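Data file: entry.txt. Format and content: compact mmCIF, C-alpha atoms and all ligand atoms.
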# COMPACT_ATOMS: atom_id res chain seq x y z
CA MET A 5 107.74 -34.63 202.04
CA PRO A 6 109.64 -31.37 202.66
CA GLY A 7 108.27 -29.30 205.54
CA ALA A 8 105.77 -31.97 206.63
CA SER A 9 105.35 -32.55 210.36
CA VAL A 10 104.35 -35.47 212.54
CA HIS A 11 102.07 -34.36 215.40
CA ARG A 12 101.76 -36.11 218.76
CA GLN A 13 99.74 -34.80 221.71
CA LEU A 14 101.56 -34.59 225.05
CA PRO A 15 99.92 -34.22 228.49
CA ALA A 16 98.42 -30.84 229.38
CA THR A 17 100.87 -28.25 230.74
CA GLN A 18 100.32 -26.50 234.07
CA ALA A 19 98.62 -23.67 232.22
CA GLY A 20 96.15 -26.11 230.72
CA ARG A 21 97.59 -25.82 227.22
CA ARG A 22 98.98 -28.78 225.33
CA LEU A 23 102.37 -29.05 223.75
CA THR A 24 101.99 -30.49 220.27
CA MET A 25 105.23 -32.26 219.42
CA GLN A 26 106.29 -31.51 215.92
CA THR A 27 109.02 -33.58 214.37
CA PRO A 28 109.88 -31.46 211.37
CA GLN A 29 111.33 -33.24 208.37
CA VAL A 30 113.50 -30.16 207.71
CA HIS A 31 116.49 -29.92 210.09
CA GLY A 32 116.71 -26.17 210.30
CA LYS A 33 116.69 -22.86 208.53
CA PRO A 34 119.46 -20.29 208.14
CA VAL A 35 119.22 -17.07 210.13
CA ARG A 36 118.85 -15.11 206.88
CA ALA A 37 115.47 -16.80 206.27
CA SER A 38 114.06 -14.89 209.23
CA GLN A 39 115.80 -11.55 208.70
CA SER A 40 113.18 -8.82 208.50
CA ASP A 41 113.30 -5.08 207.86
CA TYR A 42 110.63 -2.67 208.95
CA SER A 43 110.53 1.13 208.81
CA GLU A 44 108.06 3.73 209.99
CA LEU A 45 108.03 7.51 209.72
CA ALA A 46 107.72 9.21 213.13
CA LEU A 47 104.53 11.31 213.03
CA PRO A 48 103.20 13.98 215.45
CA ASN A 49 100.75 11.44 216.87
CA ASP A 50 103.73 9.50 218.29
CA ALA A 51 105.21 12.47 220.18
CA ASN A 52 105.79 13.04 223.90
CA VAL A 53 105.47 16.52 225.43
CA LEU A 54 108.99 17.42 224.22
CA GLY A 55 108.06 16.63 220.61
CA ASN A 56 110.16 13.46 220.44
CA VAL A 57 108.84 9.97 219.86
CA LEU A 58 107.47 8.13 222.91
CA GLY A 59 109.60 5.21 224.07
CA GLY A 60 106.48 3.04 224.07
CA LYS A 61 106.04 3.65 220.35
CA VAL A 62 109.54 2.32 219.69
CA MET A 63 108.85 -0.66 221.96
CA HIS A 64 105.71 -1.43 219.97
CA LEU A 65 107.69 -1.37 216.71
CA VAL A 66 110.35 -3.61 218.27
CA ASP A 67 107.66 -6.16 219.18
CA LEU A 68 106.27 -6.02 215.62
CA ALA A 69 109.67 -6.37 213.97
CA GLY A 70 110.56 -9.21 216.34
CA ALA A 71 107.31 -11.03 215.60
CA MET A 72 107.96 -10.73 211.86
CA ALA A 73 111.28 -12.56 212.19
CA ALA A 74 109.77 -15.21 214.49
CA LEU A 75 106.87 -15.79 212.09
CA ARG A 76 109.18 -15.99 209.08
CA HIS A 77 111.25 -18.62 210.86
CA ALA A 78 108.49 -20.68 212.49
CA ARG A 79 105.71 -20.17 209.90
CA THR A 80 103.19 -20.61 212.72
CA PRO A 81 101.53 -18.06 215.04
CA VAL A 82 103.79 -16.74 217.82
CA VAL A 83 103.21 -14.95 221.13
CA THR A 84 105.65 -12.67 222.93
CA ALA A 85 106.83 -14.39 226.13
CA SER A 86 109.33 -11.74 227.24
CA VAL A 87 111.26 -8.65 226.25
CA ASP A 88 114.69 -8.03 227.78
CA TYR A 89 115.56 -4.54 228.96
CA MET A 90 115.90 -1.76 226.40
CA ASN A 91 118.09 1.32 226.31
CA PHE A 92 117.23 4.41 224.29
CA LEU A 93 120.54 5.90 223.22
CA HIS A 94 119.19 8.89 221.23
CA PRO A 95 115.83 10.65 220.97
CA VAL A 96 113.82 10.09 217.78
CA HIS A 97 112.47 13.33 216.34
CA ILE A 98 109.18 13.70 214.51
CA GLY A 99 109.80 13.45 210.77
CA GLN A 100 112.66 10.97 211.15
CA LEU A 101 112.49 7.39 209.95
CA ILE A 102 112.56 4.58 212.53
CA VAL A 103 114.38 1.64 210.92
CA LEU A 104 114.29 -1.84 212.48
CA ARG A 105 116.07 -5.09 211.57
CA SER A 106 115.30 -8.40 213.25
CA SER A 107 116.34 -12.04 213.01
CA VAL A 108 116.12 -15.25 215.03
CA ASN A 109 119.27 -15.77 217.12
CA ARG A 110 118.51 -19.21 218.51
CA VAL A 111 115.67 -21.69 218.84
CA PHE A 112 115.19 -23.72 222.00
CA ARG A 113 112.14 -26.02 221.90
CA THR A 114 108.93 -24.05 221.48
CA SER A 115 110.60 -20.71 222.11
CA MET A 116 113.10 -18.65 220.16
CA GLU A 117 115.19 -15.59 220.88
CA VAL A 118 114.90 -12.78 218.35
CA GLY A 119 117.28 -9.82 218.22
CA VAL A 120 116.01 -6.44 217.05
CA LYS A 121 118.21 -3.47 216.21
CA VAL A 122 116.76 0.02 215.83
CA TRP A 123 118.22 3.01 213.98
CA VAL A 124 116.89 6.47 213.38
CA GLU A 125 117.43 7.90 209.91
CA ASP A 126 117.39 11.59 209.10
CA LEU A 127 115.70 11.58 205.71
CA LEU A 128 117.18 14.95 204.73
CA THR A 129 120.81 13.94 205.30
CA GLY A 130 120.63 10.14 205.15
CA GLU A 131 122.51 9.95 208.46
CA ARG A 132 121.66 6.89 210.58
CA GLN A 133 122.16 6.47 214.31
CA HIS A 134 121.79 3.27 216.32
CA THR A 135 119.18 4.03 218.99
CA SER A 136 118.22 0.70 220.61
CA SER A 137 118.71 -3.04 220.61
CA ALA A 138 116.49 -5.62 222.23
CA TYR A 139 116.15 -9.35 222.69
CA LEU A 140 112.68 -10.85 222.70
CA THR A 141 111.47 -14.38 223.28
CA PHE A 142 108.57 -15.66 221.19
CA VAL A 143 106.73 -18.93 221.72
CA ALA A 144 105.25 -20.75 218.74
CA VAL A 145 101.67 -21.93 218.99
CA ASP A 146 99.17 -23.52 216.66
CA THR A 147 95.82 -21.95 215.81
CA ALA A 148 94.29 -23.58 218.91
CA GLY A 149 96.94 -22.02 221.17
CA ASN A 150 98.91 -25.25 221.76
CA ARG A 151 102.66 -24.75 221.92
CA VAL A 152 104.57 -26.30 219.02
CA HIS A 153 108.22 -27.13 218.44
CA VAL A 154 110.17 -24.80 216.18
CA PRO A 155 112.75 -25.92 213.59
CA ALA A 156 116.35 -25.14 214.56
CA VAL A 157 118.10 -22.06 213.27
CA ILE A 158 121.46 -22.47 211.55
CA PRO A 159 123.96 -19.66 212.20
CA GLU A 160 126.31 -19.22 209.23
CA THR A 161 128.35 -16.05 209.72
CA GLU A 162 130.74 -15.36 212.61
CA GLU A 163 128.32 -12.76 214.00
CA GLU A 164 125.37 -15.16 213.79
CA LYS A 165 127.44 -17.82 215.59
CA ARG A 166 128.34 -15.35 218.35
CA ARG A 167 124.70 -14.35 218.82
CA TYR A 168 123.70 -18.04 218.84
CA GLU A 169 126.19 -18.83 221.63
CA GLU A 170 125.27 -15.77 223.68
CA ALA A 171 121.54 -16.49 223.36
CA LEU A 172 121.87 -19.59 225.52
CA ARG A 173 123.39 -17.60 228.40
CA ARG A 174 120.70 -14.93 228.07
CA ARG A 175 117.97 -17.60 228.18
CA GLU A 176 119.40 -19.09 231.38
CA TYR A 177 119.46 -15.66 233.02
CA ARG A 178 115.92 -14.87 231.78
CA LEU A 179 114.46 -18.11 233.09
CA GLU A 180 116.22 -17.61 236.41
CA LEU A 181 114.65 -14.13 236.68
CA ARG A 182 111.24 -15.58 235.83
CA GLU A 183 111.66 -18.25 238.49
CA ARG A 184 112.64 -15.60 241.07
CA SER A 185 109.70 -13.32 240.23
CA HIS A 186 107.16 -16.19 239.96
CA PRO A 187 108.54 -19.04 242.13
C1 LIG B 1 104.52 -17.46 226.98
C2 LIG B 1 103.63 -18.64 227.33
C3 LIG B 1 103.18 -19.35 226.05
C4 LIG B 1 104.48 -19.63 228.16
O1 LIG B 1 103.63 -20.68 228.48
P1 LIG B 1 103.85 -21.60 229.78
O2 LIG B 1 102.66 -22.45 229.94
O3 LIG B 1 104.32 -20.76 230.90
O4 LIG B 1 104.91 -22.60 229.26
P2 LIG B 1 106.38 -22.93 229.74
O5 LIG B 1 106.78 -22.42 231.07
O6 LIG B 1 106.49 -24.40 229.55
O7 LIG B 1 107.27 -22.16 228.66
C5 LIG B 1 107.16 -22.46 227.28
C6 LIG B 1 108.38 -21.95 226.58
O8 LIG B 1 108.45 -20.53 226.75
C7 LIG B 1 109.65 -20.18 227.40
N1 LIG B 1 109.35 -19.07 228.29
C8 LIG B 1 108.28 -18.95 229.11
N2 LIG B 1 108.36 -17.78 229.78
C9 LIG B 1 109.48 -17.17 229.35
C10 LIG B 1 110.10 -15.94 229.68
N3 LIG B 1 109.56 -15.09 230.56
N4 LIG B 1 111.24 -15.63 229.05
C11 LIG B 1 111.80 -16.46 228.15
N5 LIG B 1 111.25 -17.66 227.79
C12 LIG B 1 110.11 -17.99 228.41
C13 LIG B 1 110.07 -21.44 228.15
O9 LIG B 1 111.47 -21.45 228.38
C14 LIG B 1 109.67 -22.51 227.16
O10 LIG B 1 110.60 -22.53 226.09
P3 LIG B 1 111.07 -23.90 225.37
O11 LIG B 1 109.84 -24.65 224.98
O12 LIG B 1 111.81 -23.42 224.17
O13 LIG B 1 111.94 -24.62 226.34
C15 LIG B 1 102.38 -18.21 228.16
O14 LIG B 1 102.82 -17.66 229.38
C16 LIG B 1 101.54 -17.18 227.44
O15 LIG B 1 100.73 -17.55 226.60
N6 LIG B 1 101.71 -15.91 227.79
C17 LIG B 1 100.97 -14.83 227.12
C18 LIG B 1 101.65 -14.46 225.81
C19 LIG B 1 101.02 -13.19 225.23
O16 LIG B 1 99.83 -13.10 225.15
N7 LIG B 1 101.89 -12.26 224.86
C20 LIG B 1 101.45 -10.96 224.46
C21 LIG B 1 101.27 -10.12 225.69
S1 LIG B 1 100.16 -8.80 225.43

Would you mind writing the file out in structure tokens?
Amino acid sequence: MPGASVHRQLPATQAGRRLTMQTPQVHGKPVRASQSDYSELALPNDANVLGNVLGGKVMHLVDLAGAMAALRHARTPVVTASVDYMNFLHPVHIGQLIVLRSSVNRVFRTSMEVGVKVWVEDLLTGERQHTSSAYLTFVAVDTAGNRVHVPAVIPETEEEKRRYEEALRRREYRLELRERSHP
């Protein structure tokens, strides 16, 4: 039956949660199945004292856009495990459109790396500038909070294949940092 899963309970993890093994009948999904677009107009409520958008507002939108891609891929609830560093290359002015695009770069077991790219669009001129990029890791869980395995992602284009390869190196670095900060 397409999309059906076989569930098997494994021993409790250190955190007391259980990992529910899913053996999906589908072998994977293309990256394009997770690609998500999200836009929001920058309003005065989002401004810092200079009248530009707060960095935290952009970070919030990045988390949302990232979660959308992870949900589209996994079709199960997800939690944010980590966000890699973010640069803000240009200020976002009130009245401009914040445009975000996200997709799953690579799936590991219960976690997946999602890339999010952010542009700012001047609605009067149509000009777009790349302002930020970020990599986030989401972990798939079931409705009881047990971690679940995620179907693989299939990179098709050259760019998707590059991101897929690079995601493994980023994961190793991320997990090393986590180990160092919480040995
Ligand atoms: C993220 C979370 C599920 C990890 O659970 P855990 O019991 O520590 O489980 P593990 O260490 O076995 O990690 C589970 C998976 O997450 C990955 N992971 C955990 N911490 C990570 C981190 N900081 N960065 C990247 N991946 C991470 C692991 O590599 C593993 O991936 P895999 O199954 O694909 O191999 C758990 O810490 C959690 O629920 N955190 C809160 C999430 C949340 O509420 N986010 C919103 C914050 S407001």

Practice task
Go through the chains and note each residue within 10 Å of ligand LIG 1 (chain B), using only C-alpha atoms and all ligand atoms, then give the set as a PyMOL selection string.
Solution key: chain A and resi 16-23+67+82-88+110-117+139-145+149-154+174-183+185-186

Handout entry: Spatial neighbours of range 34-46 of chain A, 9 Å, only C-alpha atoms, chain gap at least 3 places, as JSON, numbers by chain
Key = {"A": [49, 50, 51, 56, 57, 65, 68, 69, 70, 72, 73, 74, 75, 76, 77, 78, 96, 97, 98, 99, 100, 101, 102, 103, 104, 105, 106, 107, 108, 109, 110, 156, 157, 158, 159, 160, 164]}

Exercise for the section: Take CA of Gly32 in chain A and CA of Ala148 in chain A and report the distance between them in Å, one decimal. Expected result: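 If I compute the distance from CA of Gly32 in chain A to CA of Ala148 in chain A, I get 24.2 Å.
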
Problem - Atom pair CA of Asp146 in chain A / CA of Glu170 in chain A: separation (Å) - result: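 We find that CA of Asp146 in chain A and CA of Glu170 in chain A lie 28.1 Å from each other.
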
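One finds CA of Ala171 in chain A at 15.2 Å from CA of Lys121 in chain A.
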
Exercise for the section: May I have the protein, DNA and RNA residues with an atom at most 8 Å from (118.3, -2.3, 221.0), counting all atoms listed in the file in the file's coordinates, returned as number ranges by chain? Expected result: A: 90-92, 120-122, 135-139

Saved selection, atoms kept: C-alpha atoms, as a short mmCIF file (atom, residue, chain, number, x, y, z; two decimals), in the frame of the given file:
data_model
loop_
_atom_site.label_atom_id
_atom_site.label_comp_id
_atom_site.auth_asym_id
_atom_site.auth_seq_id
_atom_site.Cartn_x
_atom_site.Cartn_y
_atom_site.Cartn_z
CA MET A 90 115.90 -1.76 226.40
CA ASN A 91 118.09 1.32 226.31
CA PHE A 92 117.23 4.41 224.29
CA VAL A 120 116.01 -6.44 217.05
CA LYS A 121 118.21 -3.47 216.21
CA VAL A 122 116.76 0.02 215.83
CA THR A 135 119.18 4.03 218.99
CA SER A 136 118.22 0.70 220.61
CA SER A 137 118.71 -3.04 220.61
CA ALA A 138 116.49 -5.62 222.23
CA TYR A 139 116.15 -9.35 222.69
#
